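Colleague: Just input_29.tsv, nothing more (TSV, C-alpha atoms):
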chain	number	residue	atom	x	y	z
E	985	MET	CA	234.12	13.01	112.02
E	986	ASP	CA	234.01	15.10	108.85
E	987	PRO	CA	234.83	18.78	109.73
E	988	LEU	CA	231.68	20.00	108.00
E	989	LYS	CA	229.52	17.49	109.87
E	990	ALA	CA	231.26	18.38	113.13
E	991	ARG	CA	230.56	22.08	112.54
E	992	THR	CA	226.89	21.35	111.75
E	993	ALA	CA	226.61	19.26	114.90
E	994	ARG	CA	228.08	22.10	116.98
E	995	ILE	CA	225.57	24.55	115.49
E	996	TRP	CA	222.65	22.24	116.27
E	997	SER	CA	224.08	21.68	119.74
E	998	LEU	CA	224.18	25.43	120.39
E	999	ILE	CA	220.63	25.82	119.09
E	1000	HIS	CA	219.42	23.01	121.34
E	1001	LYS	CA	221.33	24.36	124.33
E	1002	TRP	CA	220.13	27.95	124.18
E	1003	THR	CA	216.53	27.36	123.10
E	1004	SER	CA	216.24	24.85	125.95
E	1005	LEU	CA	217.89	27.11	128.54
E	1006	VAL	CA	215.89	30.20	127.61
E	1007	SER	CA	212.55	28.40	127.71
E	1008	THR	CA	213.06	25.77	130.43
E	1009	VAL	CA	211.88	27.76	133.48
E	1010	PHE	CA	208.72	28.93	131.72
E	1011	LEU	CA	208.07	25.48	130.27
E	1012	LEU	CA	208.33	24.00	133.75
E	1013	LEU	CA	205.71	26.56	134.83
E	1014	LEU	CA	203.50	25.56	131.88
E	1015	CYS	CA	203.84	21.86	132.70
E	1016	LEU	CA	203.29	22.27	136.44
E	1017	THR	CA	200.17	24.39	135.89
E	1018	GLY	CA	198.99	22.38	132.88
E	1019	LEU	CA	199.06	19.09	134.81
E	1020	PRO	CA	196.15	19.96	137.16
E	1021	LEU	CA	194.33	21.76	134.33
E	1022	ILE	CA	194.03	18.42	132.50
E	1023	PHE	CA	191.70	17.37	135.33
E	1024	HIS	CA	190.11	20.76	135.98
E	1025	HIS	CA	186.53	19.43	135.75
E	1026	GLU	CA	187.24	16.67	138.26
E	1027	ILE	CA	189.18	18.99	140.61
E	1028	ASP	CA	186.43	21.64	140.55
E	1029	GLU	CA	183.85	18.99	141.43
E	1030	ALA	CA	185.99	17.56	144.24
E	1031	LEU	CA	186.61	21.02	145.75
E	1032	GLY	CA	183.00	22.14	145.40
E	1033	TYR	CA	183.50	24.76	142.69
E	1034	ALA	CA	181.44	22.97	140.04
E	1035	PRO	CA	177.74	23.94	139.70
E	1036	LYS	CA	175.39	21.42	141.33
E	1037	MET	CA	172.47	20.61	139.05
E	1038	ASP	CA	169.09	19.38	140.33
E	1039	VAL	CA	167.74	16.06	139.10
E	1040	HIS	CA	164.69	16.40	136.85
E	1041	VAL	CA	162.17	13.80	135.75
E	1042	PRO	CA	162.65	12.44	132.22
E	1043	GLY	CA	160.83	14.52	129.64
E	1044	ALA	CA	160.69	17.65	131.79
E	1045	ALA	CA	160.28	20.82	129.74
E	1046	LYS	CA	162.99	23.46	129.69
E	1047	LEU	CA	162.12	27.10	130.24
E	1048	SER	CA	162.43	29.64	127.45
E	1049	LEU	CA	165.77	31.34	126.87
E	1050	ASP	CA	164.09	34.67	127.56
E	1051	ALA	CA	163.16	33.38	131.03
E	1052	ILE	CA	166.77	32.37	131.65
E	1053	GLY	CA	167.93	35.80	130.46
E	1054	ARG	CA	165.51	37.57	132.81
E	1055	ALA	CA	166.70	35.39	135.69
E	1056	ALA	CA	170.32	36.34	134.98
E	1057	ILE	CA	169.52	40.06	135.02
E	1058	THR	CA	167.41	39.70	138.18
E	1059	ASP	CA	170.32	37.89	139.82
E	1060	HIS	CA	172.62	40.83	138.97
E	1061	PRO	CA	170.50	44.03	138.93
E	1062	GLY	CA	171.89	46.81	136.76
E	1063	SER	CA	173.85	44.43	134.54
E	1064	VAL	CA	173.43	43.48	130.88
E	1065	LEU	CA	173.78	40.13	129.18
E	1066	LEU	CA	176.89	39.65	127.07
E	1067	TYR	CA	176.76	35.97	126.20
E	1068	MET	CA	174.73	32.86	126.83
E	1069	ALA	CA	176.40	29.48	126.39
E	1070	TRP	CA	175.76	25.74	126.59
E	1071	ASP	CA	178.15	23.01	127.72
E	1072	LYS	CA	177.77	19.98	125.46
E	1073	ASP	CA	178.33	17.72	128.47
E	1074	GLU	CA	175.69	19.52	130.58
E	1075	PRO	CA	172.64	20.00	128.32
E	1076	GLY	CA	170.46	21.02	131.27
E	1077	MET	CA	172.71	23.95	132.19
E	1078	VAL	CA	172.87	27.42	130.67
E	1079	SER	CA	175.84	29.71	131.36
E	1080	THR	CA	175.27	33.46	131.37
E	1081	PHE	CA	177.87	36.23	131.13
E	1082	THR	CA	176.84	39.57	132.62
E	1083	ASN	CA	178.56	42.90	133.22
E	1084	THR	CA	177.63	46.51	133.84
E	1085	SER	CA	177.91	47.23	130.09
E	1086	VAL	CA	179.22	45.63	126.89
E	1087	THR	CA	182.32	47.85	127.09
E	1088	SER	CA	183.19	47.11	130.74
E	1089	ASP	CA	186.45	45.41	131.73
E	1090	PRO	CA	186.15	41.70	130.77
E	1091	GLN	CA	187.82	40.79	134.07
E	1092	THR	CA	184.68	42.01	135.90
E	1093	THR	CA	182.32	39.79	133.90
E	1094	VAL	CA	180.25	37.49	136.09
E	1095	VAL	CA	179.82	33.97	134.70
E	1096	LYS	CA	177.03	32.00	136.34
E	1097	ALA	CA	175.29	28.71	135.58
E	1098	PHE	CA	171.48	28.45	135.57
E	1099	ASP	CA	169.22	25.41	135.58
E	1100	ALA	CA	167.55	25.29	132.15
E	1101	PHE	CA	164.40	23.74	133.69
E	1102	THR	CA	163.86	26.14	136.59
E	1103	ALA	CA	166.04	29.24	135.84
E	1104	LYS	CA	167.56	28.70	139.27
E	1105	PRO	CA	171.19	29.86	139.66
E	1106	VAL	CA	173.34	26.82	140.43
E	1107	GLY	CA	176.78	28.33	140.86
E	1108	LEU	CA	179.49	30.62	139.60
E	1109	LEU	CA	181.85	29.44	136.87
E	1110	GLY	CA	185.55	30.22	136.51
E	1111	THR	CA	186.34	30.51	140.20
E	1112	GLY	CA	188.63	28.66	142.58
E	1113	PRO	CA	192.23	27.43	142.32
E	1114	MET	CA	191.83	26.21	138.74
E	1115	LEU	CA	191.29	29.82	137.63
E	1116	VAL	CA	194.63	30.74	139.22
E	1117	MET	CA	196.28	27.82	137.42
E	1118	LEU	CA	194.71	28.85	134.12
E	1119	ARG	CA	195.87	32.46	134.39
E	1120	LEU	CA	199.41	31.36	135.30
E	1121	HIS	CA	199.38	28.90	132.41
E	1122	THR	CA	198.08	31.29	129.77
E	1123	ASP	CA	199.52	34.71	130.58
E	1124	MET	CA	201.14	34.74	134.07
E	1125	TYR	CA	198.63	37.48	134.99
E	1126	LEU	CA	200.25	39.79	132.41
E	1127	GLY	CA	197.36	39.88	129.95
E	1128	LEU	CA	197.98	39.88	126.21
E	1129	PRO	CA	201.77	40.54	126.48
E	1130	GLY	CA	202.01	37.53	128.77
E	1131	LYS	CA	200.22	35.34	126.22
E	1132	TRP	CA	202.52	36.50	123.43
E	1133	PHE	CA	205.57	35.85	125.61
E	1134	MET	CA	204.37	32.35	126.43
E	1135	GLY	CA	203.79	31.81	122.72
E	1136	VAL	CA	207.44	32.67	122.03
E	1137	MET	CA	208.53	30.25	124.77
E	1138	GLY	CA	206.40	27.55	123.16
E	1139	PHE	CA	208.03	28.24	119.81
E	1140	LEU	CA	211.51	27.96	121.35
E	1141	PHE	CA	210.40	24.68	122.94
E	1142	MET	CA	209.50	23.30	119.52
E	1143	ILE	CA	212.91	24.33	118.14
E	1144	ALA	CA	214.56	22.66	121.14
E	1145	ILE	CA	212.65	19.43	120.39
E	1146	ILE	CA	213.58	19.46	116.69
E	1147	SER	CA	217.24	20.22	117.43
E	1148	GLY	CA	217.25	17.46	120.06
E	1149	VAL	CA	215.98	14.98	117.45
E	1150	VAL	CA	218.71	16.08	115.02
E	1151	LEU	CA	221.38	15.58	117.71
E	1152	TYR	CA	220.02	12.31	119.08
E	1153	TRP	CA	221.34	10.03	116.33
E	1154	PRO	CA	224.95	11.34	116.05
E	1155	PHE	CA	225.46	11.21	119.83
E	1156	THR	CA	223.78	7.82	120.39
E	1157	ARG	CA	224.50	5.95	117.15
E	1158	ARG	CA	226.84	3.52	118.95
E	1159	LEU	CA	224.21	2.67	121.58
E	1160	ASN	CA	221.11	0.55	121.41
E	1161	PHE	CA	217.84	2.49	121.37
E	1162	ALA	CA	216.64	3.29	124.91
E	1163	ALA	CA	219.93	2.08	126.42
E	1164	ILE	CA	220.37	3.09	130.08
E	1165	ARG	CA	224.05	2.82	131.09
E	1166	LYS	CA	223.64	2.11	134.80
E	1167	GLN	CA	227.32	1.32	135.26
E	1168	LYS	CA	228.37	4.80	134.14
E	1169	SER	CA	228.48	8.05	136.10
E	1170	HIS	CA	225.42	9.76	137.58
E	1171	ARG	CA	225.54	12.36	134.81
E	1172	VAL	CA	225.61	9.73	132.03
E	1173	LEU	CA	222.69	7.93	133.67
E	1174	TRP	CA	220.63	11.13	133.65
E	1175	LEU	CA	221.68	11.81	130.06
E	1176	ASP	CA	220.34	8.41	129.00
E	1177	TRP	CA	217.04	9.00	130.79
E	1178	HIS	CA	216.86	12.50	129.28
E	1179	ASN	CA	217.29	11.05	125.78
E	1180	LEU	CA	214.86	8.17	126.35
E	1181	LEU	CA	212.03	10.24	127.79
E	1182	GLY	CA	212.67	12.92	125.20
E	1183	ALA	CA	212.24	10.31	122.45
E	1184	VAL	CA	209.04	8.96	124.06
E	1185	THR	CA	207.45	12.42	124.26
E	1186	ILE	CA	208.59	13.85	120.89
E	1187	VAL	CA	205.29	13.67	119.01
E	1188	TRP	CA	203.17	14.61	122.02
E	1189	ALA	CA	205.44	17.54	122.92
E	1190	LEU	CA	205.30	18.88	119.36
E	1191	VAL	CA	201.49	18.61	119.36
E	1192	VAL	CA	201.08	20.28	122.76
E	1193	GLY	CA	203.75	22.87	122.00
E	1194	GLY	CA	202.23	23.68	118.61
E	1195	THR	CA	198.67	23.95	119.93
E	1196	GLY	CA	199.96	26.07	122.81
E	1197	VAL	CA	201.55	28.53	120.38
E	1198	ILE	CA	198.30	28.69	118.37
E	1199	ASN	CA	196.27	29.34	121.53
E	1200	ALA	CA	198.70	32.05	122.66
E	1201	TYR	CA	197.88	34.07	119.55
E	1202	ALA	CA	194.15	33.24	119.45
E	1203	GLU	CA	193.18	36.83	120.30
E	1204	VAL	CA	195.26	38.12	117.39
E	1205	MET	CA	193.49	35.71	115.02
E	1206	LEU	CA	190.11	36.67	116.46
E	1207	GLY	CA	190.95	40.32	115.81
E	1208	ILE	CA	191.77	39.54	112.17
E	1209	TRP	CA	188.41	37.77	111.80
E	1210	GLN	CA	186.58	40.72	113.38
E	1211	ARG	CA	188.24	43.24	111.06
E	1212	ASN	CA	187.66	41.18	107.93
E	1213	GLU	CA	184.99	38.46	107.80
E	1214	LEU	CA	182.78	39.80	110.61
E	1215	ALA	CA	183.02	43.38	109.33
E	1216	ALA	CA	182.00	42.18	105.84
E	1217	MET	CA	178.99	40.30	107.27
E	1218	ALA	CA	177.82	43.40	109.19
E	1219	ALA	CA	178.68	45.92	106.42
E	1220	PRO	CA	175.07	46.35	105.16
E	1221	TYR	CA	174.13	47.61	108.64
E	1222	ALA	CA	177.05	50.04	108.97
E	1223	GLY	CA	176.00	53.18	110.83
E	1224	LYS	CA	172.74	51.69	112.02
E	1225	PRO	CA	172.13	52.41	115.75
E	1226	ALA	CA	172.11	49.72	118.41
E	1227	PRO	CA	168.72	48.01	118.81
E	1228	ALA	CA	166.28	49.97	120.95
E	1229	GLN	CA	164.64	46.71	122.01
E	1230	LEU	CA	166.17	43.27	121.60
E	1231	ALA	CA	164.39	40.45	119.83
E	1232	SER	CA	163.27	37.32	121.67
E	1233	LEU	CA	166.20	35.01	122.34
E	1234	ASP	CA	164.08	31.97	121.50
E	1235	LYS	CA	163.25	33.48	118.12
E	1236	VAL	CA	166.90	34.37	117.51
E	1237	VAL	CA	168.14	30.86	118.28
E	1238	GLY	CA	165.26	29.21	116.39
E	1239	ASN	CA	166.00	31.21	113.22
E	1240	ALA	CA	169.73	30.51	113.51
E	1241	MET	CA	169.16	26.75	113.78
E	1242	LYS	CA	167.00	26.78	110.64
E	1243	THR	CA	170.02	27.88	108.60
E	1244	THR	CA	171.90	24.65	109.31
E	1245	PRO	CA	169.69	21.72	110.42
E	1246	GLY	CA	171.43	19.23	112.67
E	1247	MET	CA	173.48	21.83	114.51
E	1248	ASP	CA	172.82	23.19	118.01
E	1249	PRO	CA	173.78	26.52	119.59
E	1250	ALA	CA	177.13	26.67	121.38
E	1251	PHE	CA	176.76	30.29	122.48
E	1252	ILE	CA	174.97	33.56	121.74
E	1253	ALA	CA	176.85	36.86	121.52
E	1254	PHE	CA	174.70	39.90	122.27
E	1255	PRO	CA	174.89	43.12	120.21
E	1256	GLY	CA	177.99	45.20	120.94
E	1257	THR	CA	180.17	42.33	122.19
E	1258	PRO	CA	183.45	41.45	120.42
E	1259	PHE	CA	181.97	38.42	118.64
E	1260	THR	CA	179.34	40.42	116.74
E	1261	SER	CA	178.38	43.96	115.65
E	1262	THR	CA	176.60	46.70	117.56
E	1263	HIS	CA	173.31	45.80	115.84
E	1264	HIS	CA	173.37	42.00	115.66
E	1265	PHE	CA	173.07	38.88	117.69
E	1266	ALA	CA	175.55	36.21	116.70
E	1267	VAL	CA	174.59	32.60	117.31
E	1268	PHE	CA	177.48	30.15	117.01
E	1269	LEU	CA	176.26	26.68	116.04
E	1270	ARG	CA	178.15	23.41	116.55
E	1271	GLY	CA	177.77	19.84	115.30
E	1272	ASP	CA	177.35	16.63	117.24
E	1273	THR	CA	180.46	14.62	116.31
E	1274	PRO	CA	183.73	14.67	118.32
E	1275	LEU	CA	185.26	17.01	115.72
E	1276	THR	CA	182.30	19.18	114.65
E	1277	SER	CA	181.31	19.74	118.28
E	1278	ARG	CA	184.58	21.67	118.62
E	1279	LEU	CA	183.95	23.81	115.55
E	1280	VAL	CA	181.34	26.55	115.32
E	1281	LYS	CA	179.48	28.29	112.52
E	1282	PRO	CA	178.49	31.95	113.07
E	1283	VAL	CA	175.01	33.17	112.17
E	1284	LEU	CA	174.38	36.93	112.30
E	1285	LEU	CA	170.82	37.98	113.15
E	1286	ASP	CA	169.14	41.38	113.33
E	1287	GLY	CA	169.06	42.50	116.96
E	1288	GLU	CA	165.55	43.99	116.69
E	1289	THR	CA	163.72	41.50	114.48
E	1290	GLY	CA	165.69	38.30	115.07
E	1291	GLU	CA	165.83	37.65	111.32
E	1292	VAL	CA	168.95	36.10	109.78
E	1293	SER	CA	171.27	38.69	108.22
E	1294	ASP	CA	174.17	36.49	107.13
E	1295	THR	CA	175.99	33.26	107.87
E	1296	SER	CA	179.39	31.91	106.90
E	1297	GLU	CA	182.03	29.38	107.77
E	1298	LEU	CA	184.88	30.38	110.05
E	1299	PRO	CA	188.25	30.85	108.32
E	1300	THR	CA	190.77	28.03	108.57
E	1301	TYR	CA	192.98	29.85	111.08
E	1302	LEU	CA	190.11	30.19	113.58
E	1303	LYS	CA	189.11	26.56	113.05
E	1304	ALA	CA	192.71	25.66	113.92
E	1305	VAL	CA	192.34	27.58	117.19
E	1306	LEU	CA	189.09	25.80	118.10
E	1307	VAL	CA	190.49	22.36	117.31
E	1308	SER	CA	193.76	23.02	119.12
E	1309	GLN	CA	192.21	24.13	122.42
E	1310	PRO	CA	190.79	20.76	123.55
E	1311	LEU	CA	193.72	18.91	121.99
E	1312	HIS	CA	196.12	20.97	124.11
E	1313	PHE	CA	194.57	19.64	127.34
E	1314	GLY	CA	193.58	16.17	126.11
E	1315	ASP	CA	189.82	16.83	126.20
E	1316	TYR	CA	188.97	14.65	123.20
E	1317	GLY	CA	189.00	11.13	124.65
E	1318	GLY	CA	187.64	11.27	128.19
E	1319	MET	CA	189.54	10.06	131.25
E	1320	PRO	CA	191.86	7.53	129.46
E	1321	LEU	CA	193.30	10.27	127.24
E	1322	LYS	CA	193.58	12.64	130.20
E	1323	ILE	CA	195.65	10.07	132.10
E	1324	ILE	CA	197.93	9.60	129.06
E	1325	TRP	CA	198.29	13.39	128.77
E	1326	ALA	CA	199.17	13.61	132.47
E	1327	LEU	CA	201.83	10.89	132.22
E	1328	LEU	CA	203.40	12.54	129.20
E	1329	THR	CA	203.39	15.87	131.06
E	1330	VAL	CA	205.26	14.25	133.97
E	1331	PHE	CA	207.79	12.77	131.53
E	1332	THR	CA	208.27	16.22	130.00
E	1333	ILE	CA	208.88	17.73	133.46
E	1334	ILE	CA	211.60	15.10	133.99
E	1335	VAL	CA	213.11	15.89	130.57
E	1336	LEU	CA	213.20	19.61	131.35
E	1337	GLY	CA	214.59	19.10	134.85
E	1338	SER	CA	217.24	16.62	133.70
E	1339	GLY	CA	218.29	18.94	130.87
E	1340	LEU	CA	218.80	21.74	133.38
E	1341	TYR	CA	220.74	19.39	135.66
E	1342	LEU	CA	222.99	18.18	132.82
E	1343	TRP	CA	223.76	21.77	131.79
E	1344	ALA	CA	224.59	22.74	135.40
E	1345	VAL	CA	226.87	19.72	135.88
E	1346	LYS	CA	228.69	20.35	132.61
E	1347	ARG	CA	229.09	24.05	133.42
E	1348	SER	CA	230.47	23.17	136.87
E	1349	LYS	CA	232.91	20.72	135.28
E	1350	VAL	CA	234.12	23.34	132.78
E	1351	ARG	CA	234.62	25.90	135.56
E	1352	ARG	CA	236.51	23.39	137.69
E	1353	GLY	CA	238.74	22.55	134.72
E	1354	ALA	CA	239.39	26.23	134.09
E	1355	ARG	CA	240.38	26.79	137.74
E	1356	LEU	CA	242.75	23.80	137.66
E	1357	SER	CA	244.28	25.04	134.43
E	1358	ALA	CA	244.69	28.53	135.84
E	1359	GLY	CA	246.28	27.08	138.99
E	1360	ALA	CA	248.70	24.95	137.00
E	1361	THR	CA	249.69	27.95	134.85
E	1362	ALA	CA	250.31	30.05	137.96
E	1363	ALA	CA	252.41	27.29	139.53
E	1364	LEU	CA	254.51	27.00	136.40
E	1365	GLY	CA	255.00	30.77	136.41
E	1366	ARG	CA	256.22	30.76	139.99
E	1367	SER	CA	258.61	27.86	139.37
E	1368	SER	CA	260.14	29.61	136.41
Take the structure from the file and write it as structure tokens.
Modeller:
Amino acid sequence: MDPLKARTARIWSLIHKWTSLVSTVFLLLLCLTGLPLIFHHEIDEALGYAPKMDVHVPGAAKLSLDAIGRAAITDHPGSVLLYMAWDKDEPGMVSTFTNTSVTSDPQTTVVKAFDAFTAKPVGLLGTGPMLVMLRLHTDMYLGLPGKWFMGVMGFLFMIAIISGVVLYWPFTRRLNFAAIRKQKSHRVLWLDWHNLLGAVTIVWALVVGGTGVINAYAEVMLGIWQRNELAAMAAPYAGKPAPAQLASLDKVVGNAMKTTPGMDPAFIAFPGTPFTSTHHFAVFLRGDTPLTSRLVKPVLLDGETGEVSDTSELPTYLKAVLVSQPLHFGDYGGMPLKIIWALLTVFTIIVLGSGLYLWAVKRSKVRRGARLSAGATAALGRSS
């Protein structure tokens, strides 16, 4: 091999080795927690943590949003509404977010589902073992620093994938693609499976790794939007006090929907919450196609009158966050895509585990060789 090419190969080999070793343990955690999260809806339903909706006759009328809001406050006396949201797959359900104040610790926010036809509470949201899995997956219960750390691990994972692709051809050019050398040693057999499954999962791993990195820094991007675009939208109301009395929620949503016909509300942010200003409601509208249903358009409305103050498109970086979130867990294509995502996750676990095994075997072999060499040197010294 050409000395320059050999040196380049060694550099790529070191990059692949250390990016893989540094990130492997955390990536195994991400894969092991991410696997059940792919089926979190189904698992919540099976374990009884999903809200149970009543069956209503076709054409039944939904209650007003104000009635739902009053029911949420009655259910948690002394609390205030922070958000109201709609699941596109459960049009008869309204989710409410309440806390003691808009500045209270977000971890104490109560998220509860209400029947849109009766205002009856039908269950808490975000509870059970899937919440534990989600926290371990996103931040390891370390908050924002944990998310940033996991983002770095995801970035190292992507470098490990790219370096593995660069190394794959030079080290396997004399073999047929996907060759499994069963007649060779146990280590060689695992190396072949490591290379094969790594090749199978390349594109998927880059997509999931990339979207994971984007999601890890979503709060940073949201903060940029708040300081720039949102601040500009609310600038004409700077210094204006918080609303003494809030406008009707039905009026607020109705006015927001008039700005962009064909779009429905995804969620409402109440005045003083991070997604709006101290004086405004913010209604986030979504479309009805597989892609536009994942994107939202913010409409800012006066908190006292319910009249539209401003509306704009989200910046590209926030759209990337919204698109990447369902793609990360395979939520775009129903159960078939979820099964594919789960299989690829299992393959990735095998790739990570086999890589760790190959490194440990090689390290053990090097140490054994060093001990034998040291023993031979000592024996020669004694004989002389």
Colleague: Calculated over all atoms listed in the file, which of the candidates E:Gly1287, E:Pro1274, E:Pro1310, E:Gly1246 has the smallest distance to Leu1233 (chain E)?
Modeller: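 Closest to Leu1233 (chain E), using all atoms listed in the file: E:Gly1287.
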Colleague: Counting only C-alpha atoms, which residue out of E:Ala1219, E:Ile1198, E:Met1117, E:Leu1298 sits closest to Ser1261 (chain E)?
Modeller: E:Ala1219
Colleague: Give me, as a list in words, all polymer residues having an atom no more than 6 Å from Val1283 (chain E), counting only C-alpha atoms and skipping those fewer than 2 positions away in the same chain.
Modeller: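 Those residues are Ala1266, Val1267 and Thr1295 of chain E.
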Colleague: I'd like the neighbourhood of Tyr1067 (chain E) as a ChimeraX atom specification, where a residue qualifies if any of its atoms comes within 6 Å (using all atoms listed in the file), though same-chain residues fewer than 6 positions away should be ignored.
Modeller: /E:1080-1081,1252-1254
Colleague: Set out as CSV a contact list for region 1223-1288 of chain E and region 1033-1051 of chain E with a cut-off of 9 Å, giving each residue of region 1223-1288 of chain E that qualifies its closest atom pair and distance in Å to one decimal, counting all atoms listed in the file, ordered by chain and rising residue number.
Modeller:
residue,atom,partner,partner_atom,distance
E:Ser1232,CA,E:Asp1050,CA,6.5
E:Leu1233,CA,E:Asp1050,CA,5.6
E:Asp1234,CA,E:Leu1049,CA,5.7
E:Val1237,CA,E:Leu1049,CA,8.9
Colleague: Pick out the closest residue to Val1095 (chain E) from this set: E:Ile1145, E:Leu1118, E:Ala1056, E:Leu1140. Count all atoms listed in the file.
Modeller: E:Ala1056
Colleague: Rounded to one decimal in Å, what is the spacing between CA of Val1305 (chain E) and CA of Thr1017 (chain E)?
Modeller: 20.5 Å
Colleague: So the first atom is CA of Val1345 (chain E) and the second is CA of Asp1176 (chain E); what is the distance between them in Å, to one decimal place?
Modeller: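 Separation of CA of Val1345 (chain E) and CA of Asp1176 (chain E): 14.8 Å.
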Colleague: Taking 3 positions as the minimum chain separation for residues in the same chain, which residues sit within 8 Å of Val1236 (chain E) when counting all atoms listed in the file? Answer as a list in words.
Modeller: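 Returned residues: Ala1231, Ser1232, Leu1233, Asn1239, Ala1240, Phe1265, Val1267, Leu1285, Gly1290 and Glu1291 of chain E.
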Colleague: Extract, using all atoms listed in the file, all DNA, RNA and protein residues at most 9 Å from Ser1004 (chain E), discarding same-chain residues fewer than 3 positions from it, and format them as an MDAnalysis selection string.
Modeller: chainID E and resid 999:1001 1007:1008 1140:1141 1143:1145 1336 1339:1340
Colleague: Under the rule that all atoms listed in the file are counted, which of E:Trp1325, E:Tyr1221, E:Tyr1125, E:Phe1023 is the nearest residue to Thr1185 (chain E)?
Modeller: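 The closest residue to Thr1185 (chain E) is E:Trp1325.
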Colleague: Which neighbours of Ala1226 (chain E) fall inside 9 Å, counting all atoms listed in the file, when residues of the same chain fewer than 5 positions from it are skipped, and could you give them as a PyMOL selection string?
Modeller: chain E and resi 1255-1256+1261-1264+1287-1288
Colleague: Report the distance between CA of Gln1091 (chain E) and CA of Gly1127 (chain E) in Å, rounded to one decimal place.
Modeller: 10.4 Å
Colleague: Ranking E:Ala1215, E:Ile1027, E:Pro1090, E:Phe1098 by minimum distance to Gly1053 (chain E) and counting only C-alpha atoms, which one comes first?
Modeller: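 Comparing E:Ala1215, E:Ile1027, E:Pro1090, E:Phe1098 against Gly1053 (chain E), the winner is E:Phe1098.
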Colleague: Mind dumping a table of every region 1287-1318 of chain E residue within 12 Å of region 1191-1197 of chain E, with the nearest atom pair and its distance in Å to one decimal, using only C-alpha atoms, sorted by chain and rising number, as a tab-separated table?
Modeller:
residue	atom	partner	partner_atom	distance
E:Ala1304	CA	E:Thr1195	CA	8.6
E:Val1305	CA	E:Thr1195	CA	7.8
E:Leu1306	CA	E:Thr1195	CA	9.9
E:Val1307	CA	E:Thr1195	CA	8.7
E:Ser1308	CA	E:Thr1195	CA	5.1
E:Gln1309	CA	E:Thr1195	CA	6.9
E:Pro1310	CA	E:Thr1195	CA	9.2
E:Leu1311	CA	E:Thr1195	CA	7.4
E:His1312	CA	E:Val1192	CA	5.2
E:Phe1313	CA	E:Val1192	CA	8.0
E:Gly1314	CA	E:Val1192	CA	9.2
Colleague: The centre and edge lengths of an axis-aligned box containing all atoms of region 1120-1139 of chain E present in the file, extended by 5 Å on each side, are to be given in Å to one decimal, as AutoDock Vina command-line options.
Modeller:
--center_x 202.9 --center_y 34.0 --center_z 127.6 --size_x 21.2 --size_y 23.0 --size_z 25.5
